[in-house]
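Since the structure comes first, as structure tokens, the remarks are kept for the end.
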2 protein chains.
Amino acid sequence: MMNEGIERVSQIIPQMPAVEARLCRLMLMVGSSLEEELEFKLKPHKLNHSDFLTLMILYSRPDGSSTPGELCEFATQGATNMTRITNALVKRGLITRGASAEDRRRVLIRITAAGKRFVQKMLPPMFPRVSAMFADFSDADKRNLSRLLGKLAHNLDQLDPDTQP
Amino acid sequence: MMNEGIERVSQIIPQMPAVEARLCRLMLMVGSSLEEELEFKLKPHKLNHSDFLTLMILYSRPDGSSTPGELCEFATQGATNMTRITNALVKRGLITRGASAEDRRRVLIRITAAGKRFVQKMLPPMFPRVSAMFADFSDADKRNLSRLLGKLAHNLDQLDPDTQP
DNA sequence: ACATTTTACTTCATCAGTGAAATATGATTT
DNA sequence: AAATCATATTTCACTGATGAAGTAAAATGT
């Protein structure tokens with residue numbers, strides 16, 4: 001369906017890298033499909049992707065803490081957005097916001113005990129669906145997908161800083 | 001960096017399908033990275049992803065026409081959004097909106113000559129970057145990625161209709 | 001020591017996308 | 001002919017993301 005579309009376009013514009021374009025479309029489709037699935041699983045917990053990611057980053061920290069700036073970087077979010085996310089999570093008592101002692105410009109964000117419990121409770125119900133997604137993947141498949149996605153991610157990173165296409 | 005995060009989480013919650021969770025994160029990251037790259041390339045043309053996709057669907061049609069409902073389906077957009085997209089593209093003279101003769105509830109959307117020229121002009125400058133993304137991919141790599149993404153897409157489709165996680 | 005620059009966040013205004021409900025119009029069924 | 005269904009648009013309220021400007025603290029230059 002989408003294949004015919006690309007096929008027809010590439011007949012009109014033969015210089016098009018059709019195979020690669022098709023892979024892009026596929027990636028975009030699967031990506032947004034997965035995003036949708038994730039948001040769907042998060043909705044009952046009143047979380048969205050960025051909230052969840054932020055919380056998980058904190059959860060995965062040995063000391064359970066970070067700063068807005070660091071969270072922005074790891075969650076690839078703007079500072080503005082991170083302020084909003086932090087506000088929301090603080091209001092729900094999942095994290096705390098406090099001033100740093102050394103550098104008083106900095107804000108220290110820390111996951112609370114309630115936040116940890118929340119993660120431990122909400123995570124396991126997701127597992128079956130995550131497993132189901134890859135149910136028919138062999139170990140080699142998984143390794144391969146991981147390798148190819150890693151490669152693609154790397155290439156995309158190299159690409160980004162460029163100027164106008 | 002993200003790997004350590006998942007690693008640490010899976011130490012606390014050992015039932016987690018860690019390999020699969022990692023693949024999900026990778027997919028999401030690459031997907032949004034690619035999306036970003038696409039939007040970046042589209043920005044100079046004052047198009048966003050959905051505008052572009054809609055226009056490309058029309059372009060790839062043998063007769064260059066479709067209906068809002070069909071476009072919603074293929075571009076996976078809500079009707080509200082499609083109306084907005086159509087308005088914008090009509091205003092720019094890239095498509096036309098007209099009544100269908102057979103079924104007068106229907107609206108016929110058709111790409112204009114200007115629209116086709118526009119696509120033919122804006123597409124080629126994207127090719128080098130698309131090719132660069134997959135520059136170090138062997139043919140087998142591409143086939144494999146395509147196959148694995150296809151499989152994943154299929155599994156995600158089977159998953160979706162379910163109830164709350 | 002003081003002035004400037006940089007860094008770290010926050011606030012505010014704005015915008016794109018979404019979903020639900022209301023409307024209009026035309027087709028189909030009974 | 002009336003009720004029902006289908007297609008599309010409009011309006012509205014809301015969420016989430018973003019950019020520009022503002023504030024405060026620390027680092028740096030002179």
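Letters A, B, ... go to the chains of the structure tokens in the order shown; residues in each chain start at 1; ligands are counted from 1 in the same order.
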Distance filter 7 Å, only C-alpha atoms, chain B against chain A, as JSON, numbers by chain: {"B": [5, 8, 9, 16, 17, 20, 21, 23, 26, 27, 28, 30, 31, 35, 37, 41, 57, 60, 125, 126, 127, 130, 131, 133, 134, 145, 146, 148, 149, 152, 153, 155, 156, 160, 164, 165]}
How close does chain D get to chain A? List, as a tab-separated table, each residue of chain D within 12 Å, its nearest atom pair and the distance in Å to one decimal, counting only C-alpha atoms (C1' of nucleotides).
residue	atom	partner	partner_atom	distance
D:DT15	C1'	A:Asn48	CA	10.2
D:DG16	C1'	A:Asn81	CA	8.6
D:DA17	C1'	A:Asn81	CA	7.0
D:DT18	C1'	A:Thr80	CA	7.9
D:DG19	C1'	A:Thr80	CA	9.4
D:DA20	C1'	A:Thr80	CA	11.4
D:DT23	C1'	A:Arg105	CA	10.8
D:DA24	C1'	A:Arg105	CA	7.2
D:DA25	C1'	A:Arg105	CA	5.2
D:DA26	C1'	A:Asp103	CA	7.5
D:DA27	C1'	A:Asp103	CA	11.4
With C-alpha atoms (C1' of nucleotides) retained, write the just-selected residues as a compact mmCIF listing (two decimals), in the first residue's frame.
# COMPACT_ATOMS: atom_id res chain seq x y z
C1' DT D 15 -2.79 18.80 26.25
C1' DG D 16 1.89 19.08 25.14
C1' DA D 17 5.68 21.31 23.07
C1' DT D 18 8.30 25.50 21.96
C1' DG D 19 10.55 30.16 21.71
C1' DA D 20 11.50 34.55 23.77
C1' DT D 23 15.57 36.16 36.99
C1' DA D 24 19.07 34.67 39.82
C1' DA D 25 23.53 32.83 40.87
C1' DA D 26 28.11 31.75 39.69
C1' DA D 27 32.31 32.25 36.79
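Excluding DT30 of chain D itself and any same-chain residue fewer than 3 positions from it, the protein and nucleic acid residues within 10 Å of it, counting only C-alpha atoms (C1' of nucleotides), are DC2, DA3 and DT4 of chain C.
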Could those selected residues go to a file with N, CA and C atoms (P, O5', C5', C4', C3', O3' and C1' of nucleotides), as a PDB file, in the first residue's frame?
ATOM      1  P    DC C   2      33.409  47.688  44.978  1.00  0.00           P
ATOM      2  O5'  DC C   2      33.211  47.260  43.466  1.00  0.00           O
ATOM      3  C5'  DC C   2      33.523  48.222  42.451  1.00  0.00           C
ATOM      4  C4'  DC C   2      33.400  47.618  41.077  1.00  0.00           C
ATOM      5  C3'  DC C   2      31.961  47.360  40.618  1.00  0.00           C
ATOM      6  O3'  DC C   2      31.765  48.162  39.454  1.00  0.00           O
ATOM      7  C1'  DC C   2      33.392  45.548  40.061  1.00  0.00           C
ATOM      8  P    DA C   3      30.284  48.216  38.833  1.00  0.00           P
ATOM      9  O5'  DA C   3      30.630  47.439  37.501  1.00  0.00           O
ATOM     10  C5'  DA C   3      31.753  47.856  36.703  1.00  0.00           C
ATOM     11  C4'  DA C   3      31.844  46.969  35.479  1.00  0.00           C
ATOM     12  C3'  DA C   3      30.521  46.737  34.755  1.00  0.00           C
ATOM     13  O3'  DA C   3      30.776  46.743  33.358  1.00  0.00           O
ATOM     14  C1'  DA C   3      31.383  44.663  35.485  1.00  0.00           C
ATOM     15  P    DT C   4      29.609  46.492  32.301  1.00  0.00           P
ATOM     16  O5'  DT C   4      29.898  44.982  31.888  1.00  0.00           O
ATOM     17  C5'  DT C   4      31.215  44.656  31.422  1.00  0.00           C
ATOM     18  C4'  DT C   4      31.282  43.180  31.074  1.00  0.00           C
ATOM     19  C3'  DT C   4      30.103  42.669  30.231  1.00  0.00           C
ATOM     20  O3'  DT C   4      30.643  41.997  29.107  1.00  0.00           O
ATOM     21  C1'  DT C   4      30.443  41.282  32.119  1.00  0.00           C
TER      22       DT C   4
END
Contacts of Arg92 of chain B at 10 Å or less, counting only C-alpha atoms (C1' of nucleotides), minus same-chain residues fewer than 4 places along, as a CSV table (one decimal) with N, CA and C atoms, in the first residue's frame?
chain,number,residue,atom,x,y,z
B,86,THR,N,-5.8,20.0,4.8
B,86,THR,CA,-6.4,20.3,3.4
B,86,THR,C,-6.5,21.8,3.3
B,87,ASN,N,-7.1,22.5,4.2
B,87,ASN,CA,-7.2,24.0,4.2
B,87,ASN,C,-5.9,24.6,3.8
B,88,ALA,N,-4.8,24.2,4.5
B,88,ALA,CA,-3.5,24.8,4.3
B,88,ALA,C,-3.0,24.6,2.9
B,96,THR,N,-6.6,20.9,-4.8
B,96,THR,CA,-7.9,21.6,-4.9
B,96,THR,C,-8.9,20.7,-4.1
B,114,ALA,N,0.8,22.7,-10.0
B,114,ALA,CA,1.7,23.4,-9.1
B,114,ALA,C,2.2,22.5,-8.0
B,115,GLY,N,1.2,21.7,-7.4
B,115,GLY,CA,1.5,20.8,-6.4
B,115,GLY,C,2.5,19.7,-6.8
Mind pulling up the distance from atom CA of Lys121 of chain B to atom CA of Gly98 of chain B?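 Interatomic distance, atom CA of Gly98 of chain B to atom CA of Lys121 of chain B: 25.6 Å.
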Strand (DSSP E or B) call set, DSSP backbone run, chain B, as a VMD selection string: chain B and resid 65 to 66 95 to 99 107 to 111
As a check of understanding: the span from atom C1' of DA8 of chain C to atom CA of Ala99 of chain A is 11.6 Å
Name the residues of chain A that fall into helix (DSSP H, G or I) according to DSSP on the backbone, using the chain letters and numbers of this document, as number ranges by chain. A: 2-12, 18-45, 49-60, 68-74, 79-91, 113-122, 124-133, 139-159
Which value, in Å to one decimal, gives the distance between atom CA of Asp63 of chain A and atom CA of Leu89 of chain A?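 We find that atom CA of Asp63 of chain A and atom CA of Leu89 of chain A lie 17.8 Å from each other.
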May I have the residues within 10 Å of DA24 of chain C as a PyMOL selection string, using only C-alpha atoms (C1' of nucleotides) and disregarding those fewer than 2 positions away in the same chain? (chain B and resi 105) or (chain C and resi 22+26) or (chain D and resi 8-9)
